[in-house]
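Trainee: Mind having a look at this structure? Questions to follow.
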Amino acid sequence: MMPSAGHRLRLSIPRRFVCDLLHASRHVPIVTFERRMELALVVAARKRMVQPPAWVLLFTKAFGVVAARRPELRRTYLQLPWPLLWQADENVASVAVERDYRGEPGVFFGFVTAPETVPLTDMMATLHDWKTKPVDEIESFRPLIRFTRLPLPMRRFLWWYATTWSGRVKTKSFGTFGVSLTGASGATALNLIGPLTTSLNTGVVADDGTVDVRLHFDHRVMDGMPAARAMAELEEVLRTEIVAELTAMADAQTGARVAVVR
């Protein structure tokens, strides 16, 4: 039988980064919890707006509120110089963003410090920049590109150091929690692999506002009951504090339109 024709392809920057990420995360014991949330109030509040915030921003801010109240969500496991937990003083959200990079789609990560304190309007502007500005000009993306261009042995060493030795470096490099939403495309992952203690993703938001939300967490850092309570609190924050902010934004938009008409 004649061999199939083909050729080798060099790993691009996006593919190299994902390979490095999976290599660094291969020993993290991730456990996934799922909760079906009733978010009809959030859906209704978003429908009142001309340009509503993306769901990824709502979950990012809401989880930031929960993590600010629950210190276990700001902790990370470090192996060296001996096994210990390191607790960040504030949240740093790592938000997955798909961008084309030199003709190929890739995943990049934008960072929001203390997202629970950032107005949704400001987060919307930041997300717009992440999605529209040239990739090389985005501050959060540049380190990923720069380090992924290094030779493999150097990359492996830097990833090892950043994920095992220093909580401060780990937080600066990866954040304290991650949010990756693909439900708007009609499909979602059942698990997420990464070096963070907690990551969040969701399924498709149904017309009645129900959505399956998944919390993926490092079992070395926290147990199941705290994770379950955090998810219940996340739903409550979305239904109250986030709805309140969306309502205020919708009222402001309505007032602005009335003023223009007059």
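Naming works like this for the structure tokens: A, B, ... for the chains as they're shown, residue 1 at the start of each chain, ligands 1 onward in shown order.
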DSSP on the backbone: what in segment 8-178 of chain A comes out helix (DSSP H, G or I), as JSON, numbers by chain?

Mentor: {"A": [13, 14, 15, 16, 17, 18, 19, 20, 21, 22, 23, 24, 40, 41, 42, 43, 44, 45, 46, 47, 55, 56, 57, 58, 59, 60, 61, 62, 63, 64, 65, 66, 67, 68, 69, 71, 72, 73, 74, 115, 116, 117, 120, 121, 122, 123, 124, 125, 126, 127, 128, 129, 130, 131, 132, 135, 136, 137, 142, 143, 144, 145, 146, 147, 148, 152, 153, 154, 155, 156, 157, 158, 159, 160, 161, 162, 163, 164, 167, 168, 169, 170, 171, 172, 173, 174]}

Trainee: Do you know which residues are at most 7 Å from segment 231-237 of chain A counting only C-alpha atoms, after dropping those on the same chain fewer than 3 positions away, and could you put them as a list in words?

Mentor: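 Everything that qualifies: Met37, Ala62, Phe63, Val66, Ala227, Ala228, Thr240, Glu241 and Ile242 of chain A.
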
Trainee: With only C-alpha atoms as the counted atoms, please give the residues lying no more than 9 Å from segment 45-56 of chain A, apart from itself and same-chain residues fewer than 4 positions off, as a JSON list (two decimals) with N, CA and C atoms, in the first residue's frame.

Mentor:
[["chain", "number", "residue", "atom", "x", "y", "z"],
["A", 40, "ALA", "N", -33.22, 33.42, 34.64],
["A", 40, "ALA", "CA", -34.21, 34.14, 33.84],
["A", 40, "ALA", "C", -34.17, 35.64, 34.13],
["A", 41, "LEU", "N", -33.89, 36.01, 35.37],
["A", 41, "LEU", "CA", -33.81, 37.44, 35.71],
["A", 41, "LEU", "C", -32.67, 38.12, 34.97],
["A", 60, "THR", "N", -17.64, 36.45, 35.08],
["A", 60, "THR", "CA", -16.36, 36.88, 35.63],
["A", 60, "THR", "C", -16.56, 37.79, 36.84],
["A", 61, "LYS", "N", -17.45, 38.77, 36.69],
["A", 61, "LYS", "CA", -17.67, 39.69, 37.81],
["A", 61, "LYS", "C", -18.35, 38.98, 38.98],
["A", 95, "VAL", "N", -9.47, 35.55, 31.52],
["A", 95, "VAL", "CA", -10.60, 35.37, 30.61],
["A", 95, "VAL", "C", -10.09, 34.89, 29.26],
["A", 120, "LEU", "N", -19.30, 47.05, 34.86],
["A", 120, "LEU", "CA", -19.47, 46.25, 33.65],
["A", 120, "LEU", "C", -19.20, 47.06, 32.38],
["A", 121, "THR", "N", -19.49, 48.36, 32.43],
["A", 121, "THR", "CA", -19.21, 49.19, 31.26],
["A", 121, "THR", "C", -17.72, 49.22, 30.95],
["A", 123, "MET", "N", -15.56, 46.85, 31.83],
["A", 123, "MET", "CA", -15.20, 45.51, 31.38],
["A", 123, "MET", "C", -15.58, 45.30, 29.92],
["A", 124, "MET", "N", -16.70, 45.87, 29.50],
["A", 124, "MET", "CA", -17.11, 45.76, 28.11],
["A", 124, "MET", "C", -16.10, 46.44, 27.19],
["A", 127, "LEU", "N", -13.00, 44.17, 27.01],
["A", 127, "LEU", "CA", -13.23, 43.01, 26.16],
["A", 127, "LEU", "C", -13.24, 43.40, 24.68],
["A", 179, "VAL", "N", -12.07, 31.91, 33.39],
["A", 179, "VAL", "CA", -13.42, 31.83, 32.82],
["A", 179, "VAL", "C", -13.27, 31.59, 31.32],
["A", 180, "SER", "N", -13.89, 30.53, 30.83],
["A", 180, "SER", "CA", -13.82, 30.19, 29.41],
["A", 180, "SER", "C", -15.21, 29.74, 28.96],
["A", 181, "LEU", "N", -15.89, 30.59, 28.19],
["A", 181, "LEU", "CA", -17.26, 30.31, 27.77],
["A", 181, "LEU", "C", -17.32, 30.13, 26.26],
["A", 184, "ALA", "N", -22.09, 30.11, 23.60],
["A", 184, "ALA", "CA", -22.75, 30.88, 22.54],
["A", 184, "ALA", "C", -22.57, 30.23, 21.18],
["A", 201, "ASN", "N", -16.83, 27.34, 33.38],
["A", 201, "ASN", "CA", -17.43, 27.40, 32.05],
["A", 201, "ASN", "C", -18.89, 27.02, 32.14],
["A", 243, "VAL", "N", -27.93, 41.50, 38.33],
["A", 243, "VAL", "CA", -29.19, 42.01, 37.77],
["A", 243, "VAL", "C", -29.38, 43.48, 38.13],
["A", 244, "ALA", "N", -29.03, 43.85, 39.34],
["A", 244, "ALA", "CA", -29.17, 45.25, 39.75],
["A", 244, "ALA", "C", -28.30, 46.17, 38.89],
["A", 246, "LEU", "N", -27.18, 45.51, 35.83],
["A", 246, "LEU", "CA", -27.73, 45.50, 34.48],
["A", 246, "LEU", "C", -28.95, 46.40, 34.38],
["A", 247, "THR", "N", -29.79, 46.37, 35.41],
["A", 247, "THR", "CA", -30.99, 47.21, 35.41],
["A", 247, "THR", "C", -30.62, 48.69, 35.41],
["A", 249, "MET", "N", -27.86, 49.95, 34.24],
["A", 249, "MET", "CA", -27.31, 50.25, 32.91],
["A", 249, "MET", "C", -28.42, 50.42, 31.89],
["A", 250, "ALA", "N", -29.44, 49.55, 31.95],
["A", 250, "ALA", "CA", -30.57, 49.66, 31.02],
["A", 250, "ALA", "C", -31.34, 50.95, 31.24],
["A", 251, "ASP", "N", -31.55, 51.34, 32.50],
["A", 251, "ASP", "CA", -32.24, 52.59, 32.80],
["A", 251, "ASP", "C", -31.45, 53.78, 32.27],
["A", 253, "GLN", "N", -29.39, 53.76, 29.70],
["A", 253, "GLN", "CA", -29.53, 53.77, 28.25],
["A", 253, "GLN", "C", -30.88, 54.34, 27.82],
["A", 254, "THR", "N", -31.93, 53.94, 28.54],
["A", 254, "THR", "CA", -33.26, 54.45, 28.23],
["A", 254, "THR", "C", -33.33, 55.96, 28.44]]

Trainee: Quick one: residues within 9 Å of Pro195 of chain A, only C-alpha atoms, excluding same-chain residues fewer than 4 positions away - as a PDB file with N, CA and C atoms, in the first residue's frame?

Mentor:
ATOM      1  N   LEU A  21       0.805  24.681  28.214  1.00  0.00           N
ATOM      2  CA  LEU A  21      -0.222  24.743  29.258  1.00  0.00           C
ATOM      3  C   LEU A  21      -0.622  23.350  29.722  1.00  0.00           C
ATOM      4  N   LEU A  22      -0.853  22.448  28.793  1.00  0.00           N
ATOM      5  CA  LEU A  22      -1.264  21.096  29.152  1.00  0.00           C
ATOM      6  C   LEU A  22      -0.130  20.340  29.834  1.00  0.00           C
ATOM      7  N   ALA A  24       2.219  21.654  31.729  1.00  0.00           N
ATOM      8  CA  ALA A  24       2.362  22.177  33.087  1.00  0.00           C
ATOM      9  C   ALA A  24       1.203  21.765  33.986  1.00  0.00           C
ATOM     10  N   SER A  25       0.069  21.413  33.396  1.00  0.00           N
ATOM     11  CA  SER A  25      -1.137  21.108  34.170  1.00  0.00           C
ATOM     12  C   SER A  25      -1.415  19.615  34.285  1.00  0.00           C
ATOM     13  N   ARG A  26      -0.502  18.793  33.773  1.00  0.00           N
ATOM     14  CA  ARG A  26      -0.805  17.359  33.646  1.00  0.00           C
ATOM     15  C   ARG A  26      -0.980  16.658  34.984  1.00  0.00           C
ATOM     16  N   VAL A  28      -2.280  18.230  37.789  1.00  0.00           N
ATOM     17  CA  VAL A  28      -3.254  18.929  38.635  1.00  0.00           C
ATOM     18  C   VAL A  28      -4.526  18.076  38.730  1.00  0.00           C
ATOM     19  N   THR A  76      -3.817  28.803  46.004  1.00  0.00           N
ATOM     20  CA  THR A  76      -3.243  27.910  45.001  1.00  0.00           C
ATOM     21  C   THR A  76      -2.250  26.979  45.673  1.00  0.00           C
ATOM     22  N   THR A 163       4.635  27.707  38.189  1.00  0.00           N
ATOM     23  CA  THR A 163       3.518  26.920  38.722  1.00  0.00           C
ATOM     24  C   THR A 163       3.852  26.163  40.004  1.00  0.00           C
ATOM     25  N   LYS A 170       2.822  33.017  40.019  1.00  0.00           N
ATOM     26  CA  LYS A 170       1.732  32.225  39.443  1.00  0.00           C
ATOM     27  C   LYS A 170       0.494  33.086  39.229  1.00  0.00           C
ATOM     28  N   PHE A 174      -0.924  33.730  35.545  1.00  0.00           N
ATOM     29  CA  PHE A 174      -2.115  32.975  35.166  1.00  0.00           C
ATOM     30  C   PHE A 174      -3.401  33.477  35.795  1.00  0.00           C
ATOM     31  N   ASP A 218      -9.083  22.439  41.818  1.00  0.00           N
ATOM     32  CA  ASP A 218      -7.961  21.628  42.268  1.00  0.00           C
ATOM     33  C   ASP A 218      -8.324  21.046  43.641  1.00  0.00           C
TER      34      ASP A 218
END

Trainee: Run DSSP on the backbone of this structure and report the residues of segment 130-210 of chain A it assigns to strand (DSSP E), as an mmCIF file with N, CA and C atoms, in the first residue's frame.

Mentor:
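Once written, part.cif looks like this:
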data_model
loop_
_atom_site.group_PDB
_atom_site.id
_atom_site.type_symbol
_atom_site.label_atom_id
_atom_site.label_comp_id
_atom_site.auth_asym_id
_atom_site.auth_seq_id
_atom_site.Cartn_x
_atom_site.Cartn_y
_atom_site.Cartn_z
ATOM 1 N N PHE A 177 -8.335 32.819 39.052
ATOM 2 C CA PHE A 177 -9.383 31.937 38.528
ATOM 3 C C PHE A 177 -9.558 32.223 37.045
ATOM 4 N N GLY A 178 -10.098 31.230 36.334
ATOM 5 C CA GLY A 178 -10.270 31.363 34.899
ATOM 6 C C GLY A 178 -11.724 31.246 34.493
ATOM 7 N N VAL A 179 -12.073 31.910 33.393
ATOM 8 C CA VAL A 179 -13.417 31.827 32.819
ATOM 9 C C VAL A 179 -13.266 31.594 31.320
ATOM 10 N N THR A 198 -9.285 27.244 40.339
ATOM 11 C CA THR A 198 -10.679 27.194 39.887
ATOM 12 C C THR A 198 -10.801 27.777 38.488
ATOM 13 N N SER A 199 -11.623 27.120 37.680
ATOM 14 C CA SER A 199 -11.987 27.621 36.357
ATOM 15 C C SER A 199 -13.474 27.390 36.167
ATOM 16 N N LEU A 200 -14.072 28.255 35.368
ATOM 17 C CA LEU A 200 -15.521 28.254 35.203
ATOM 18 C C LEU A 200 -15.868 28.185 33.725
ATOM 19 N N ASN A 201 -16.832 27.341 33.385
ATOM 20 C CA ASN A 201 -17.430 27.401 32.048
ATOM 21 C C ASN A 201 -18.894 27.019 32.142
ATOM 22 N N THR A 202 -19.625 27.276 31.075
ATOM 23 C CA THR A 202 -21.068 27.053 31.086
ATOM 24 C C THR A 202 -21.508 26.380 29.791
ATOM 25 N N THR A 210 -32.300 28.914 31.989
ATOM 26 C CA THR A 210 -31.538 27.858 32.664
ATOM 27 C C THR A 210 -30.226 27.614 31.922
#

Trainee: Atom CA of Pro226 of chain A and atom CA of Arg75 of chain A are how many Å apart?

Mentor: 12.9 Å

Trainee: Which residues are near Val18 of chain A? Cut-off 10 Å, only C-alpha atoms, ignore same chain within fewer than 6 positions. Put them as a list in words.

Mentor: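 Within the cut-off, the hits are Ala24, Gly106, Val107, Phe108, Thr148 and Gly194 of chain A.
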
Trainee: Have a look at atom CA of Val213 of chain A and atom CA of Gly167 of chain A and let me know their distance in Å, one decimal.

Mentor: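 So the answer is 27.3 Å.
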
Trainee: Using only C-alpha atoms for the distances, tell me which of A:Gly175, A:Gly6, A:Pro151, A:Pro29 is nearest to Asn91 of chain A.

Mentor: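 Of the candidates, the smallest distance to Asn91 of chain A is held by A:Gly175.
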
Trainee: Mind giving me the straight-line distance from atom CA of Arg102 of chain A to atom CA of Ser185 of chain A in Å, one decimal?

Mentor: 22.7 Å

Trainee: List as a PyMOL selection string the protein and nucleic acid residues near segment 155-158 of chain A, meaning an atom at most 12 Å away when only C-alpha atoms are counted, but skip any in the same chain fewer than 3 places from it.

Mentor: chain A and resi 16-17+19-25+144-152+161-166+169-170+173
